[in-house]
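The next block holds one structure in the form of structure tokens; read it before the comments.
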Amino acid sequence: MRLLTQLFSRRLRYDDISVSIQEHLEERIEELMADGIPRMQAERTARREFGNVTLLEQRSREVWQWQALESILSDLKFTFRRLGKSPGFAATVLLTLAIGIGANTAVFSVVNSVLLKPLPYPDSGQLVSLWLNAPGAGGLANFSSGLQLSSSMYFTFSQQNRTFQSMGIWTPSTASVTGVAEPEEVRTEMISDGVLETLEVPPVAGRWFSQVDQDPHGGKTVVLSYGYWQRRFGGDRSVIGRVIQVDAQAREVVGVMPRGFRLVDRDFDLLIPLALDRSKQKLAGFGAYGIARLKPGIPLAQADADIARLIPVWMDSWSNGPGTNPHYYEIWRITPNFRSLKQQVIGNVGNVLWVVMATVGLVMLIACTNVANLLLVRAESRHQELSIRAALGAGRMRIARELLIESVLLGLLGGVIAIGVAFAGLRLLVAIGPANLPRLSELSLDARSLGFTLALSALSGLLFGSIPALRYARTQASAMLGGTNRTASAGRARQRSRNVLVIAQVAMALVLLVSALLMIRTFAALRNVEPGFADPQHLQTMRI
């Protein structure tokens, strides 16, 4: 409170100091006039005895001043006034910075949302995606992800493992829903017991599936996604307990999952119990996605070893029917190939995103060199002003600080505009929806992205502002006081600085241009690869 009082009462205190000094001067003048000295001579004598009145006022005011802060505020005020007098320069710099910083912020937001942020599940670092290696399985395991699980594997692994808290499998499908407005085909996920328990995301209404729901001979139930609940039922909570027709089967709605919930990397409309009949399961049927949650402190390598121990147990416990050899799968050489769930969701997109991040970083460097050149030209126009200030005693640090304050202020203002540019870019990216970009629905400008924008704005301001600050803080006094040769030498040095910046801009732009042309040529070559069969343009795929 005392600091606030001092801050807002400074002007009154300054006025009191001036009045007090004037009163002392008047008293001394009256004393001298009482001794018979004329008033004009008395005033001169009193002022000579009193000393520099302005300096005395300044020293007296420093008792209530925060000198560094007030000096910076004074520079800021002067910078705003100077920028207001050159709106074309300010608009050019701000637009350049907004595009550069906005592009970097947008790409960083993608990197942050996709690569850096944990998955939206509690303790997501413990979640594991279950895949198998089977080099002897031929075409069944030639996909990049590996071999999927069978239902019999799920029963064996979930009941006899020593490293997982919970485990579940699911398979994607579609279903027709009738009895709710118009008939509609929706996306479904058939999930076993353990899937929702592994993800640990509670429903926003109702409950998860229970053991009773997984009974193949029990009642039929369904859980809705948040989007389907809003679209078809208007968010009505009385939908819990309602019966809907799913593929001509009456199913009771028992729960609604929260907004943004996805089954790993898949959107869905309905969750349906897989309801496996244990007595009908076989060794084969490798078509289920698997997920598990590690016990605390268990490394992934130990989980691999634990499941590798259970693969012979699985072959001994199940068969493919009478007369089949359960150990046939030994020639497949099946081994666990578990990976973290985040690695499974992200895939190999991380390398691409870091390359894009480096590319837009190069764009930011081009923007900084462009702005640095503009500031050099602007500082050149202030050559006489800065020279006079240096000749009158302004130190190098004082001049450099003023130039840096202007550049950092431009950087921060450009960062504010860049937030809007980045927000629009992210909205466009989500609307376009590239299919190969994971976690697309999670893209957002969060606190980390805003912090990145602030840091980038300040650092870019220091970067492009340091060049004119160092140049003009060092040379202006000598250029002003020296002769023609010294002035010409300084002019040539400034011209060299601008030429170097232009060369750097052209070089970096050329790197981007060549890289873009190489990527376009590669894409064109891929489009012309022979597929190995005739008339590929007349072939179509279909699904019924």
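Chain identifiers are assigned as A, B, and so on, following the order in which chains appear in the structure tokens; residues are numbered from 1 within each chain, and ligands are numbered from 1 in order of appearance.
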
Checklist entry - Hey, what does DSSP flag as strand (DSSP E) within stretch 141-279 of chain A? Can you give it to me as a PyMOL selection string? => result chain A and resi 164-178+184-191+205-206+221-224+243-246+249-256+270-273

Checklist entry - Closest to A:Ala275 among A:Trp170, A:Phe338, A:Trp354, A:Tyr329, using only C-alpha atoms? => result A:Trp170

Next on the checklist: Nearest residue to A:Leu437 out of A:Met357, A:Val111, A:Ile366, A:Ala103, using only C-alpha atoms?
Outcome noted: A:Val111

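Each of A:Ala250, A:Ile37, A:Ile399, A:Val93 was compared to A:Phe464 using only C-alpha atoms, and A:Val93 turns out to be the nearest.
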
Item to check | Atom pair atom CA of A:Ser444 / atom CA of A:Leu428: separation (Å) | outcome: 11.8 Å

Pull the closest atom pair for each residue of stretch 100-142 of chain A that gets at most 10 Å from stretch 405-417 of chain A, along with the distance in Å to one decimal, counting only C-alpha atoms, ordering rows by chain and then ascending residue number, as a tab-separated table.
residue	atom	partner	partner_atom	distance
A:Gly100	CA	A:Gly414	CA	9.1
A:Ile101	CA	A:Gly415	CA	6.3
A:Gly102	CA	A:Gly415	CA	7.4
A:Thr105	CA	A:Gly415	CA	9.2

Take the residues that were just selected and, keeping C-alpha atoms, output them as a short mmCIF file (atom, residue, chain, number, x, y, z; two decimals), in the first residue's frame.
data_model
loop_
_atom_site.label_atom_id
_atom_site.label_comp_id
_atom_site.auth_asym_id
_atom_site.auth_seq_id
_atom_site.Cartn_x
_atom_site.Cartn_y
_atom_site.Cartn_z
CA GLY A 100 6.66 -15.39 -38.88
CA ILE A 101 5.76 -15.75 -35.20
CA GLY A 102 2.21 -16.90 -36.02
CA THR A 105 3.25 -20.68 -32.89
#

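Of the residues listed (A:Leu276, A:Met167, A:Leu95, A:Ala106), A:Leu276 shows the shortest atom-to-atom separation from A:Gly218; distances use only C-alpha atoms.
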
Checklist entry - Skipping near chain neighbours, those fewer than 5 positions away, what residues fall within 12 Å of A:Arg231 using only C-alpha atoms, listed as JSON, numbers by chain? => result {"A": [180, 181, 224, 225, 226, 236, 269]}

Checklist outcome for this item: Closest of A:Gly290, A:Gly465, A:Gly347, A:Gly451 to A:Asn370, counting only C-alpha atoms, is A:Gly465

Checklist entry - What are the DSSP helix (DSSP H, G or I) residues of stretch 314-355 of chain A, as a list in words? => result Trp314, Met315, Asp316, Ser317, Pro326, His327, Tyr328, Tyr329, Glu330, Ile331, Trp332, Leu341, Lys342, Gln343, Gln344, Val345, Ile346, Val349, Gly350, Asn351, Val352, Leu353, Trp354 and Val355 of chain A

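Comparing the minimum interatomic distances between A:Val201 and each of A:Met40, A:Ala372, A:Ala308, A:Leu263, counting only C-alpha atoms, we find that A:Leu263 sits nearest.
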
Checklist entry - atom CA of A:Gly136 to atom CA of A:Ala303: how many Å, to one decimal? => result 22.4 Å

At a cut-off of 12 Å, using only C-alpha atoms, what residues contact stretch 514-528 of chain A? Leave out same-chain residues fewer than 5 positions from it and give the result as a PDB file with N, CA, C and O atoms, in the first residue's frame.
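Output (out-v9.pdb):
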ATOM      1  N   VAL A 355      10.643 -31.682 -38.718  1.00  0.00           N
ATOM      2  CA  VAL A 355      11.140 -31.076 -39.960  1.00  0.00           C
ATOM      3  C   VAL A 355      10.347 -29.817 -40.294  1.00  0.00           C
ATOM      4  O   VAL A 355      10.911 -28.778 -40.672  1.00  0.00           O
ATOM      5  N   VAL A 356       9.018 -29.898 -40.137  1.00  0.00           N
ATOM      6  CA  VAL A 356       8.180 -28.715 -40.386  1.00  0.00           C
ATOM      7  C   VAL A 356       8.531 -27.597 -39.406  1.00  0.00           C
ATOM      8  O   VAL A 356       8.602 -26.414 -39.776  1.00  0.00           O
ATOM      9  N   THR A 359      11.588 -25.941 -40.531  1.00  0.00           N
ATOM     10  CA  THR A 359      11.329 -25.136 -41.723  1.00  0.00           C
ATOM     11  C   THR A 359      10.724 -23.784 -41.369  1.00  0.00           C
ATOM     12  O   THR A 359      11.175 -22.737 -41.859  1.00  0.00           O
ATOM     13  N   LEU A 362      13.176 -21.458 -39.941  1.00  0.00           N
ATOM     14  CA  LEU A 362      13.955 -20.758 -40.971  1.00  0.00           C
ATOM     15  C   LEU A 362      13.168 -19.568 -41.521  1.00  0.00           C
ATOM     16  O   LEU A 362      13.745 -18.508 -41.802  1.00  0.00           O
ATOM     17  N   ALA A 507      19.817 -16.271 -49.154  1.00  0.00           N
ATOM     18  CA  ALA A 507      20.338 -17.629 -48.985  1.00  0.00           C
ATOM     19  C   ALA A 507      19.317 -18.528 -48.307  1.00  0.00           C
ATOM     20  O   ALA A 507      19.068 -19.664 -48.740  1.00  0.00           O
ATOM     21  N   MET A 508      18.712 -18.043 -47.211  1.00  0.00           N
ATOM     22  CA  MET A 508      17.733 -18.864 -46.490  1.00  0.00           C
ATOM     23  C   MET A 508      16.481 -19.096 -47.332  1.00  0.00           C
ATOM     24  O   MET A 508      15.916 -20.192 -47.341  1.00  0.00           O
ATOM     25  N   ALA A 509      16.045 -18.066 -48.055  1.00  0.00           N
ATOM     26  CA  ALA A 509      14.878 -18.245 -48.927  1.00  0.00           C
ATOM     27  C   ALA A 509      15.177 -19.258 -50.026  1.00  0.00           C
ATOM     28  O   ALA A 509      14.306 -20.058 -50.409  1.00  0.00           O
ATOM     29  N   PRO A 536      -4.583 -48.775 -63.910  1.00  0.00           N
ATOM     30  CA  PRO A 536      -4.910 -48.490 -62.505  1.00  0.00           C
ATOM     31  C   PRO A 536      -5.949 -47.388 -62.337  1.00  0.00           C
ATOM     32  O   PRO A 536      -6.698 -47.375 -61.358  1.00  0.00           O
ATOM     33  N   GLN A 537      -6.027 -46.462 -63.309  1.00  0.00           N
ATOM     34  CA  GLN A 537      -6.985 -45.363 -63.166  1.00  0.00           C
ATOM     35  C   GLN A 537      -8.433 -45.817 -63.271  1.00  0.00           C
ATOM     36  O   GLN A 537      -9.347 -45.084 -62.906  1.00  0.00           O
TER      37      GLN A 537
END

Item to check | Contacts of A:Lys117 within 10 Å, only C-alpha atoms, excl. fewer than 4 positions in-chain, as a ChimeraX atom specification | outcome: /A:111-113,342,442,448

What's the 12 Å shell around A:Gln302, counting only C-alpha atoms, without same-chain residues fewer than 5 positions away, as a compact mmCIF listing (two decimals) with C-alpha atoms, in the first residue's frame?
# COMPACT_ATOMS: atom_id res chain seq x y z
CA ASN A 161 -0.03 -62.18 -16.74
CA ARG A 162 2.02 -60.77 -13.83
CA THR A 163 2.81 -57.28 -15.11
CA PHE A 164 -0.50 -55.59 -16.06
CA LEU A 294 1.28 -51.62 -16.55
CA LYS A 295 1.58 -52.12 -12.83
CA GLY A 297 7.28 -49.64 -11.56
CA ILE A 307 3.78 -62.33 -22.23
CA ALA A 308 6.49 -64.26 -24.14
CA ARG A 309 6.26 -66.78 -21.31
CA PRO A 336 5.51 -59.62 -28.07
CA ASN A 337 6.08 -56.26 -29.73
CA PHE A 338 4.47 -54.02 -27.12

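Taking atom CA of A:Leu127 as the reference point, atom CA of A:Ser441 is found at 20.2 Å.
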
Next on the checklist: Using only C-alpha atoms, which protein or nucleic acid residues come within 12 Å of stretch 373-375 of chain A? Drop anything in the same chain fewer than 6 positions from it, and give the result as a ChimeraX atom specification.
Outcome noted: /A:83,88-94,96,366-367,381-382,403-404,406-408,410,461,463-469,471-472,494-505
